[in-house]
Amino acid sequence: MKSAIGNTFLMNFIIIFTVIFIGLFITSLSYTKALRIKNRITDIIEENNGYNNKEVAAEIEAYLKDSGYRISNGKNSTCSYKGDTSKVVYPATTTNVYDYCIFKFENSKGTYYGVKTYMYLDVPVIGDLIKIGVYGETKNLGILG
């Protein structure tokens, strides 16, 4: 009887360790995807010297479609930078296909953009409740760009 209790404890430990390991692995994959997409959006903005025309938006949308970024289904996040919505360049409306944000900032060296994408953890029980933002900025574009 003593060894049966010991084996049960060991099996429970192995199962818990496996679940935690798989959870960390899935989180790592999701974060890597969000980071890669954020980096590519900042590259597109830098290559076009800003987010200033519809061709840049179309190029970003095409990349998101090709990369398999999650479609928002009308449930976009409210974009604000530290509570300030005046810096938001994209999305202009709340009915966008993809859920990401672009912010425009100006300083003495020129203009730079902030990009926020999201990593999603689709857990069957809690659904879309786990969504974590990944934020990054472009280099200065403009005067000293």
# chains A, B, ... in the order shown; residues from 1 in each chain; ligands from 1
>>> select_by_dssp(residues="chain A", states="strand (DSSP E)", output="JSON, numbers by chain")
{"A": [88, 89, 90, 101, 102, 103, 104, 105, 106, 107, 110, 111, 112, 113, 114, 115, 116, 117, 118, 119, 120, 131, 132, 133, 134, 135, 136, 137]}
>>> select_by_dssp(residues="chain A", states="helix (DSSP H, G or I)", output="PyMOL selection string")
chain A and resi 2-47+54-67
>>> atom_distance(atom1="atom CA of A:Arg40", atom2="atom CA of A:Ser108")
25.7 Å
>>> residues_around(residues="A:Ala62", least_positions_apart="4", cutoff="12 Å", atoms="only C-alpha atoms", output="list of chain:residue names")
A:Ile37, A:Arg40, A:Ile41, A:Ile44, A:Glu55, A:Val56, A:Ala57, A:Ala58, A:Asp66, A:Ser67, A:Gly68, A:Tyr69, A:Val97, A:Tyr98
>>> atom_distance(atom1="atom CA of A:Asn48", atom2="atom CA of A:Gly136")
17.3 Å
>>> closest_residue(among="A:Ile45, A:Ile130, A:Ile26, A:Ile14", to="A:Val115", atoms="only C-alpha atoms")
A:Ile45
>>> atom_distance(atom1="atom CA of A:Tyr112", atom2="atom CA of A:Leu141")
5.8 Å
>>> closest_residue(among="A:Tyr81, A:Tyr100, A:Tyr63, A:Phe21", to="A:Lys131", atoms="only C-alpha atoms")
A:Tyr100
>>> residues_around(residues="stretch 102-104 of chain A", least_positions_apart="5", cutoff="7 Å", atoms="only C-alpha atoms", output="PDB file with N, CA and C atoms, in the first residue's frame")
ATOM      1  N   LYS A  87      -2.776  60.142 -29.935  1.00  0.00           N
ATOM      2  CA  LYS A  87      -1.588  59.657 -30.643  1.00  0.00           C
ATOM      3  C   LYS A  87      -1.893  58.509 -31.602  1.00  0.00           C
ATOM      4  N   VAL A  88      -3.105  57.991 -31.594  1.00  0.00           N
ATOM      5  CA  VAL A  88      -3.456  56.816 -32.377  1.00  0.00           C
ATOM      6  C   VAL A  88      -3.586  57.175 -33.854  1.00  0.00           C
ATOM      7  N   VAL A  89      -2.853  56.450 -34.701  1.00  0.00           N
ATOM      8  CA  VAL A  89      -2.943  56.605 -36.154  1.00  0.00           C
ATOM      9  C   VAL A  89      -3.796  55.486 -36.728  1.00  0.00           C
ATOM     10  N   TYR A  90      -3.589  54.280 -36.234  1.00  0.00           N
ATOM     11  CA  TYR A  90      -4.386  53.122 -36.648  1.00  0.00           C
ATOM     12  C   TYR A  90      -4.774  52.374 -35.390  1.00  0.00           C
ATOM     13  N   TYR A 112       8.448  59.519 -34.849  1.00  0.00           N
ATOM     14  CA  TYR A 112       8.613  58.076 -34.710  1.00  0.00           C
ATOM     15  C   TYR A 112       7.260  57.468 -34.397  1.00  0.00           C
ATOM     16  N   TYR A 113       7.147  56.171 -34.634  1.00  0.00           N
ATOM     17  CA  TYR A 113       5.879  55.469 -34.479  1.00  0.00           C
ATOM     18  C   TYR A 113       6.027  54.358 -33.452  1.00  0.00           C
ATOM     19  N   GLY A 114       4.958  54.113 -32.727  1.00  0.00           N
ATOM     20  CA  GLY A 114       4.874  52.991 -31.811  1.00  0.00           C
ATOM     21  C   GLY A 114       3.894  51.973 -32.369  1.00  0.00           C
ATOM     22  N   VAL A 115       4.212  50.715 -32.236  1.00  0.00           N
ATOM     23  CA  VAL A 115       3.365  49.639 -32.760  1.00  0.00           C
ATOM     24  C   VAL A 115       3.063  48.678 -31.616  1.00  0.00           C
ATOM     25  N   LYS A 116       1.789  48.312 -31.498  1.00  0.00           N
ATOM     26  CA  LYS A 116       1.375  47.356 -30.473  1.00  0.00           C
ATOM     27  C   LYS A 116       0.593  46.231 -31.132  1.00  0.00           C
TER      28      LYS A 116
END
